[in-house]
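Asker: I have a structure I would like to understand better, so I am pasting it below and will then ask my questions one at a time.
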Amino acid sequence: MNYFEVLPDAVVWRGDGETLMVQAWGPHGLRVRARRGGEVLDADFALLPSTVTSAEITVDDTTARITNGRTTAVLRASAGYSEQLEYHTVGCTVEFQDRAGRTLLRELDRGGSLNLVARAFRPHLGGDFEITASFESDRNERLSGMGQYQQDLLDVKGTTLELAHRNSQASVPFVVSTAGYGMLWHNPAIGRATFAANRTEWFATSSKQLDYWVTAGDSPAEISQAYADATGHAPVMPEYGLGYWQCKLRYWNQEQLLEVAREHHRRGLPLDVIVADFFHWPHMGDYRFEEEFWPDPAAMVAELTEMGTELMVSVWPQVATDSENYAEFKQRNMLVTTERGMDVHMAFGGPSAFLDVTNPRARERLWELCRRNYHDFGVKLFWLDEAEPEYGIYDFDNYRYHAGPNAQIGNLYPQHYARAFYEGQVAAGQDDVVNLLRCAWAGSQRYGALVWSGDIHSTYTDLRRQIVAGIHMGMAGIPWFTTDIGGFHHGLVGDPDFHDLLVRWFQFGAFCPVMRLHGDRFPYEDVVSSSGEPRLRSGGPNELWSFGEEVYEILSRYVHLRERLRPYTRAAMNEAQEAGLPVMRGLFFEFPDDPECWVAADQFLFGRDLLVAPVVEPHATSRKVYLPQGASWTRMDSGGTHEGGQWIDAEAPLDTIPVFVRSDASSGVGDLLR
C-alpha cells in the first residue's frame with residue numbers, strides 16, 4: 001500500500017477524511033496544513049508565496065522524510081484494526097528534526113490507551129472547525145516571541161496567551177525555542193497558545209484548516225532570518241525614523257504645532273518628526289483637517305520641511321455615524337458589521353463603526369481620501385491608531401469582515417490596515433514608508449509597520465513591561481518598536497515623582513528602535529470652536545522644556561545623544577531590513593548559550609554592540625546589571641571595563657543610564673556615545 005503521495009516539494013498523507021500536507025516553504029522552512037473534507041487551501045495570511053520548487057524526500061513504507069535546508073519533517077503513517085472500535089483505523093504523526101537528526105518538536109503521542117489526538121477538528125454546525133494542535137513539550141526549553149503582552153516575563157514557557165488583539169496587546173504568533181526551532185501559527189483566528197510543561201497547544205476558535213510553519217536554526221539569528229525570508233522583510237527605515245519624534249495628546253491647531261517645532265529649532269534641539277494627533281478632523285471618519293484649526297496644511301508642511309522636520313498625521317479606522325463618509329461606506333459594504341444587536345462598535349467621539357480594511361475596495365477608498373487630504377499636502381507619515389481594532393466591548397464573535405467572521409480571521413486586521421497605506425504610498429511614488437500602528441500581526445513588518453505598545457500607564461511597572469514587550473516583538477519578526485515615553489495615562493506635568501519616571505523612560509527611549517515622546521498629561525486644556533462648540537480636550541504640556549530646567553537639561557542631552565547614534569542606529573536598521581534581525585534584542589539573541597541571558601528581563605541589546613540597562617525602580621541611583629559571558633564590556637560614561645559572565649552593581653544617578661559597549665564592537669561605536 002502507498003501511504004504517501006510524493007510531490008516535488010511536498011509529502012501528502014490522506015486518511016479518515018483528513019488531508020495532511022508537509023511542504024517546503026521558504027529557505028529552511030516546512031509548512032504543515034491539514035484539512036478535513038477536502039484538499040488543503042492556499043491561504044496567504046502571512047507567508048509569502050514559496051519559491052522552493054523541490055525538496056529532499058524519501059519514503060520507506062510507512063515513513064516519509066522531507067528536508068528543506070536545515071529542517072526535516074518525519075511523517076509516520078499507521079493503519080490497523082482497532083479492538084475498541086472494531087473497525088480499521090488510520091493515522092499519521094509529524095516530527096521535526098534538525099540536520100543532525102535531533103528532535104526539535106513533535107506532535108503529541110497517542111499515549112497508549114489514552115488515545116490522545118494531536119490534530120483535533122471539532123466541527124461547528126454548518127461548517128468549519130475548532131482546531132487544536134498539540135505537541136510534546138520540552139520542559140527545559142525557553143521561549144521568546146509571540147508579540148506583546150503586558151507582562152514582564154522574558155521566557156513565555158509556562159504561559160497561556162490569548163491569540164487576539166487588544167489595546168496594548170498585539171498577538172503575533174511566532175515563537176522561538178532554545179531547542180533550535182521557530183514556529184509560526186499561520187492562523188489569524190481568535191484563540192490561545194499554551195506553552196505548558198506537559199504539552200504545547202495551539203487553539204483556533206474557528207478555522208477552515210490547520211496551518212503552521214516551522215524552521216530550524218543553530219541560533220536565534222538564523223531562525224529570525226529564515227522567518228523574515230518566509231513572511232517578508234521590513235523596508236528600509238527612512239532617515240527621519242532614526243532621530244527624535246515629538247508628540248502629545250494633542251496639538252489642537254496649526255500654529256500651536258508649528259510653534260513647538262520652531263522652539264526646537266531655536267534651541268538647537270534635533271526634531272525629525274512632530275505629530276498632529278487625533279480629532280484634528282471635524283468628525284471621526286472624515287479623514288481631513290478641520291479648516292478652522294488647520295487652515296493651511298500645505299504651508300504647515302512646507303515650514304516644517306524647511307526646519308528638517310516631517311509631519312505625522314493620526315488616522316483612525318472608526319467612522320462615526322455623523323461622518324460625511326458614513327453613508328457611502330455603509331452603502332458600499334466597507335464597514336465591519338455586527339452579527340447581532342446594534343451595528344455600533346465604539347462610542348468614543350460618538351457612535352461609530354470600524355472600516356473593514358480586509359475589503360480591498362475599502363482599503364483603496366481609505367487611501368484615496370487620505371492621499372487627497374494629507375499626502376498631496378506633503379504628509380509622508382501616518383499614525384494608524386486603533387489598529388486592533390479596539391472594540392468598545394471585545395465580543396470577538398460578534399463582528400464580521402469582508403474576509404470572514406472575526407472569530408476566524410480577526411487577527412489579520414492590523415496587517416491589512418498597514419497594507420492599505422503602504423500600498424497607497426508606494427503607488428503614489430513614496431519609497432520610504434514607515435507608519436505608526438498600535439498593533440501588528442505576522443507579516444505586518446513588510447508593510448512598514450512601526451508598532452508602539454499602546455495606551456499604557458505612567459508607572460514603573462509599565463516601564464518594565466515595555467522592555468519585555470520590545471524584546472518579544474523583535475523575536476516575533478516586528479523589528480520596529482516604540483513606546484509612549486513617560487507612559488500614556490495620567491502623568492502630572494508638575495509632579496516630581498513623574499519627572500523621575502519620565503527621565504528614566506526617556507533614557508530607555510533613546511535606545512529604542514524609534515524614540516518618541518507622547519502622553520495624555522495633566523492638567524487638561526479645554527478646546528472650543530469660534531462658535532462656542534466644544535472639541536476634544538488637549539492634554540497638558542509634553543515638550544522637553546515642560547518639566548523644569550533640571551529635567552530639560554537631562555532630556556535635551558539624550559536627544560543629542562540619539563542624534564550622535566544615528567550612524568549606529570542606521571546600521572542596526574539595515575540589519576533588520578537585510579537579515580530580519582531585531583533592533584532591540586534580548587541578551588540571549590547574541591549570547592544564546594549563557595543561561596542568565598534568558599532571564600535578564602529588564603535590560604537589552606540595542607543592535608549588536610550596546611547593552612542598555614534602564615533604571616526601573618522609583619528614585620533609584622544604582623541597579624544590578626548582567627554582563628553576558630563571551631565578551632568584555634566597557635561602561636559608556638566612565639570607561640570602566642568588566643569581564644562578562646557576571647552581575648555587577650552599576651551606579652546610575654538620575655542623569656545617567658548604564659550602557660555598556662561590547663569589546664568586539666564595530667570601530668567608533670564608543671565614540672558616538674561620548
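Ordered as shown in the C-alpha cells, chains take letters A, B, and onward, while each chain numbers its residues from 1 and ligands are numbered from 1 in the order shown.
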So that I can check the surroundings of A:Glu651, please list as a ChimeraX atom specification every protein, DNA and RNA residue that reaches within 12 Å of it, counting only C-alpha atoms and ignoring chain neighbours fewer than 6 positions away.
Answerer: /A:613-615,620-625,635,637-638,640,657-659
Asker: Near A:Pro270, within 12 Å and counting only C-alpha atoms, which residues show up once chain neighbours fewer than 5 positions away are dropped, as a list of chain:residue names?
Answerer: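 Once the adjacent positions are removed, what remains is A:Tyr240, A:Leu242, A:Gly243, A:Tyr244, A:Trp245, A:Gln246, A:Ala261, A:Arg262, A:Glu263, A:His264, A:His265, A:Met307, A:Gly308, A:Thr309, A:Glu310, A:Met515, A:Leu544, A:Leu555, A:Ser556, A:Arg557, A:Tyr558, A:Val559, A:His560, A:Leu561, A:Arg562, A:Glu563, A:Arg564, A:Arg566.
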Asker: Could you make a table, as a Markdown table, of the residues of stretch 532-593 of chain A that have an atom within 6 Å of an atom of stretch 464-483 of chain A, each with its nearest atom pair and distance in Å to one decimal, counting only C-alpha atoms, in chain and number order?
Answerer:
| residue | atom | partner | partner_atom | distance |
| --- | --- | --- | --- | --- |
| A:Pro582 | CA | A:Pro479 | CA | 4.5 |
| A:Val583 | CA | A:Pro479 | CA | 5.7 |
| A:Met584 | CA | A:Ile471 | CA | 5.9 |
| A:Arg585 | CA | A:Ile471 | CA | 5.4 |
| A:Gly586 | CA | A:Ile471 | CA | 5.6 |
Asker: Store the residues of this selection in a file with N, CA and C atoms, as a PDB file, in the first residue's frame.
Answerer:
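This is the output file out11.pdb:
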ATOM      1  N   PRO A 582      16.120  41.605  14.872  1.00  0.00           N
ATOM      2  CA  PRO A 582      15.514  42.684  15.660  1.00  0.00           C
ATOM      3  C   PRO A 582      16.523  43.777  15.953  1.00  0.00           C
ATOM      4  N   VAL A 583      16.029  45.001  16.091  1.00  0.00           N
ATOM      5  CA  VAL A 583      16.883  46.119  16.502  1.00  0.00           C
ATOM      6  C   VAL A 583      17.069  46.078  18.014  1.00  0.00           C
ATOM      7  N   MET A 584      15.998  45.820  18.737  1.00  0.00           N
ATOM      8  CA  MET A 584      16.008  45.691  20.191  1.00  0.00           C
ATOM      9  C   MET A 584      16.020  44.199  20.517  1.00  0.00           C
ATOM     10  N   ARG A 585      17.098  43.735  21.174  1.00  0.00           N
ATOM     11  CA  ARG A 585      17.322  42.301  21.317  1.00  0.00           C
ATOM     12  C   ARG A 585      17.471  41.914  22.784  1.00  0.00           C
ATOM     13  N   GLY A 586      16.871  40.782  23.155  1.00  0.00           N
ATOM     14  CA  GLY A 586      17.207  40.193  24.436  1.00  0.00           C
ATOM     15  C   GLY A 586      18.670  39.792  24.440  1.00  0.00           C
TER      16      GLY A 586
END
Asker: From a backbone DSSP assignment, name each residue in stretch 392-423 of chain A labelled helix (DSSP H, G or I), as a VMD selection string.
Answerer: chain A and resid 396 to 398 406 to 423
Asker: Mind pulling up the distance from atom CA of A:Arg266 to atom CA of A:Gly519?
Answerer: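 For atom CA of A:Gly519 relative to atom CA of A:Arg266, the distance reads 23.6 Å.
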Asker: Given the choices A:Ala427, A:Val52, A:Ala631, A:Leu304, which gets closest to A:Glu364 if the distance is worked out from only C-alpha atoms?
Answerer: A:Ala427
Asker: Can you tell me which residues surround A:Leu436 at a distance of at most 12 Å, considering only C-alpha atoms, apart from same-chain residues fewer than 4 positions away, and format the answer as a PyMOL selection string?
Answerer: chain A and resi 241+245+273+275+277+312-316+380-387+414+417-418+421-422+440+444-445+447-454+480-484+514+516
Asker: Between A:Asn2, A:Thr337, A:Thr159, A:Thr103, which is the closest to A:Ala196 once you count only C-alpha atoms?
Answerer: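 Among the listed residues, the smallest separation from A:Ala196 belongs to A:Thr159.
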Asker: Which one is closest to A:Ala572: A:Asp211, A:Asp609, A:Asp128, A:Asp495? Count only C-alpha atoms.
Answerer: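 Checking each candidate against A:Ala572, we get A:Asp609 as the closest.
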Asker: Determine the nearest neighbour of A:Leu125 from the options A:Ser206, A:Asp286, A:Asp593, A:Ala170, counting only C-alpha atoms.
Answerer: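 Distance minimum relative to A:Leu125 lands on A:Ser206.
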Asker: Need the shell around stretch 199-202 of chain A: protein/DNA/RNA residues with any atom at most 12 Å away, counting only C-alpha atoms. Skip same-chain ones fewer than 6 positions apart. Format as a PyMOL selection string?
Answerer: chain A and resi 105-109+116-120+130-139+141+143+156-163+173-175+177+183-193+210-212
Asker: List as a list in words the protein and nucleic acid residues near A:Glu328, meaning an atom at most 12 Å away when only C-alpha atoms are counted, but skip any in the same chain fewer than 5 places from it.
Answerer: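 The filter keeps Gly285, Asp286, Val319, Thr321, Asp322, Ser323, Asn333, Met334, Leu335, Leu355, Ala362, Arg365 and Leu366 of chain A.
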Asker: Create the file for the chosen residues now, containing C-alpha atoms and written as a JSON list (two decimals), in the first residue's frame.
Answerer:
[["chain", "number", "residue", "atom", "x", "y", "z"],
["A", 285, "GLY", "CA", -14.07, 59.21, 9.77],
["A", 286, "ASP", "CA", -13.91, 62.47, 7.79],
["A", 319, "VAL", "CA", -16.25, 56.08, 11.11],
["A", 321, "THR", "CA", -22.43, 57.83, 12.22],
["A", 322, "ASP", "CA", -22.32, 61.63, 11.69],
["A", 323, "SER", "CA", -19.25, 61.50, 9.44],
["A", 333, "ASN", "CA", -20.23, 47.36, 2.37],
["A", 334, "MET", "CA", -16.98, 48.92, 3.53],
["A", 335, "LEU", "CA", -17.73, 48.73, 7.25],
["A", 355, "LEU", "CA", -13.79, 50.45, 8.46],
["A", 362, "ALA", "CA", -12.34, 49.82, 1.46],
["A", 365, "ARG", "CA", -11.15, 54.28, -0.74],
["A", 366, "LEU", "CA", -9.46, 54.99, 2.60]]
Asker: Run DSSP on the backbone and give me the residues of stretch 284-359 of chain A it puts in strand (DSSP E), as a list in words.
Answerer: Glu310, Leu311, Met312, Val313, Ser314, Val315, Gln318, Val319, Ala320, Thr337, Thr338, Ser352, Ala353 and Phe354 of chain A
Asker: How many Å lie between atom CA of A:Leu48 and atom CA of A:Ile409, rounded to one decimal?
Answerer: 17.4 Å
Asker: Ranking A:Phe195, A:Phe589, A:Trp294, A:Tyr87 by minimum distance to A:Asp16 and counting only C-alpha atoms, which one comes first?
Answerer: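 When distances to A:Asp16 are compared using only C-alpha atoms, the smallest one comes from A:Tyr87.
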Asker: Could you check how far atom CA of A:Glu324 sits from atom CA of A:Phe289, in Å to one decimal?
Answerer: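 Result for atom CA of A:Glu324 versus atom CA of A:Phe289: 13.1 Å, one decimal.
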